[in-house]
Amino acid sequence: MAVAIPTLHTYHTDDSRPVQLDFYPPTEYKPETEKYKTLIFFHGGGLVFGNRKTYPPDGVMSRIASKGWIFISADYHLLPESSLDHIRQDVAALQEWILKNSNGLRIDTERVSVAGASAGSFVALLLLDQWKTIKPRSFVNMFGMVDTAGKQYTEPRTTAKTVGWNTPTSEFRANVATYKKYLTPPFGPRVWDDHSPLDNLNNRSGLMGWLFLEGKVPNLINGYDVDAVWDSNTAFTPLKLISSAFPPAITVHGDQDSTVPIDDAYALAKAYERAGIFHQLEVVEGAEHGLMPPVDRSEYWEKVVSFLEEH
């Protein structure tokens with residue numbers, strides 16, 4: 001199943017530069033007569049690196065396209081040059097852009113859902129908390145980084161394997177000066193369309209790996225002080241936002257995920273249970289972060305699509 005070529009749109013402007021999204025029409029797109037269900041997706045990258053073309057869920061995209069869904073993949077501001085407030089501004093601007101363009105693009109604002117992969121689920125939860133005019137029908141959480149006050153983010157890790165690298169931890173720690181430059185004011189221009197490769201310790205993906213390795217993800221989210229000590233009571237986490245106003249959710253998460261441990265999935269399930277909202281948890285046995293091969297992901301993408309169609 002092929003995915004259509006997207007069209008590029010600017011949904012927010014910051015520092016005179018465009019914050020953009022890719023708009024993928026459904027397989028049979030008839031904007032003159034139809035309105036379409038829409039899935040909004042936010043990419044991963046630890047809130048530090050990546051862009052709208054980073055690991056989009058092709059298996060979901062192709063399946064929903066054939067069922068008449070629009071797919072939108074949006075950039076958003078990245079830390080540390082930006083803050084949570086900048087991401088919230090993106091989320092607000094995206095709602096306004098959809099309301100303004102829904103007739104021309106034939107987006108059915110009554111049938112919008114949201115999805116995130118890894119750190120993208122963090123952004124998706126901000127959206128679900130903020131949006132009041134458009135009320136998403138469902139949430140797809142793909143191995144999401146959602147419990148950022150948990151010990152998996154506040155305590156150091158023993159090997160770089162737990163942040164997706166085969167590099168000795170000593171090589172990360174040899175680059176501490178480089179990473180601290182990112183975290184020291186005054187910051188450079190804000191970033192939201194990063195293209196850092198994963199095999200270079202000196203770029204933004206290396207910064208992400210170091211923050212996870214050292215248990216300093218809350219430092220990034222809460223104010224960039226690398227010497228601060230955060231705990232579950234003081235660190236911001238999107239889990240605290242979940243309320244009975246949130247839509248039903250499905251989570252797909254590998255039980256061998258060493259970057260975003262499956263504890264995040266269980267924490268989200270508990271938060272949903274406390275709020276009295278339906279949550280479907282799909283644990284993928286043997287899967288690493290991103291449901292990486294050799295796991296066959298097709299049955300889980302089918303479950304995600306069925307969930308979207310039902311809600």
# chains A, B, ... in the order shown; residues from 1 in each chain; ligands from 1
$ closest_atom_pairs --of "segment 10-33 of chain A" --to "segment 78-82 of chain A" --cutoff "12 Å" --atoms "only C-alpha atoms" --output "Markdown table"
| residue | atom | partner | partner_atom | distance |
| --- | --- | --- | --- | --- |
| A:Asp14 | CA | A:Ser82 | CA | 11.0 |
| A:Asp15 | CA | A:Ser82 | CA | 11.9 |
| A:Val19 | CA | A:Leu78 | CA | 11.4 |
$ write_last_selection --atoms "N, CA and C atoms" --output "PDB file, in the first residue's frame"
ATOM      1  N   ASP A  14       7.579  31.626  13.374  1.00  0.00           N
ATOM      2  CA  ASP A  14       8.341  32.003  14.562  1.00  0.00           C
ATOM      3  C   ASP A  14       9.681  32.551  14.106  1.00  0.00           C
ATOM      4  N   ASP A  15      10.073  33.706  14.635  1.00  0.00           N
ATOM      5  CA  ASP A  15      11.340  34.328  14.228  1.00  0.00           C
ATOM      6  C   ASP A  15      11.427  34.459  12.704  1.00  0.00           C
ATOM      7  N   VAL A  19       7.082  27.218  10.710  1.00  0.00           N
ATOM      8  CA  VAL A  19       6.900  25.908  11.341  1.00  0.00           C
ATOM      9  C   VAL A  19       5.907  25.169  10.455  1.00  0.00           C
TER      10      VAL A  19
END
$ closest_atom_pairs --of "segment 21-110 of chain A" --to "segment 301-310 of chain A" --cutoff "8 Å" --atoms "only C-alpha atoms" --output "JSON lines"
{"residue": "A:Gly59", "atom": "CA", "partner": "A:Trp301", "partner_atom": "CA", "distance": 6.1}
{"residue": "A:Val60", "atom": "CA", "partner": "A:Trp301", "partner_atom": "CA", "distance": 5.7}
{"residue": "A:Arg63", "atom": "CA", "partner": "A:Val305", "partner_atom": "CA", "distance": 7.1}
{"residue": "A:Ile64", "atom": "CA", "partner": "A:Val305", "partner_atom": "CA", "distance": 6.6}
$ residues_around --residues "segment 26-32 of chain A" --least-positions-apart "6" --cutoff "6 Å" --atoms "only C-alpha atoms" --output "PyMOL selection string"
chain A and resi 65-66+68-70+106
$ closest_residue --among "A:Ala149, A:Leu125, A:Leu99, A:Leu241" --to "Ala275 of chain A" --atoms "only C-alpha atoms"
A:Leu241
$ residues_around --residues "Leu201 of chain A" --least-positions-apart "4" --cutoff "12 Å" --atoms "only C-alpha atoms" --output "PyMOL selection string"
chain A and resi 160+165-176+178-179+196-197+205-210
$ closest_residue --among "A:Glu288, A:Asp193, A:Asp227, A:Glu273" --to "Leu47 of chain A" --atoms "only C-alpha atoms"
A:Asp193
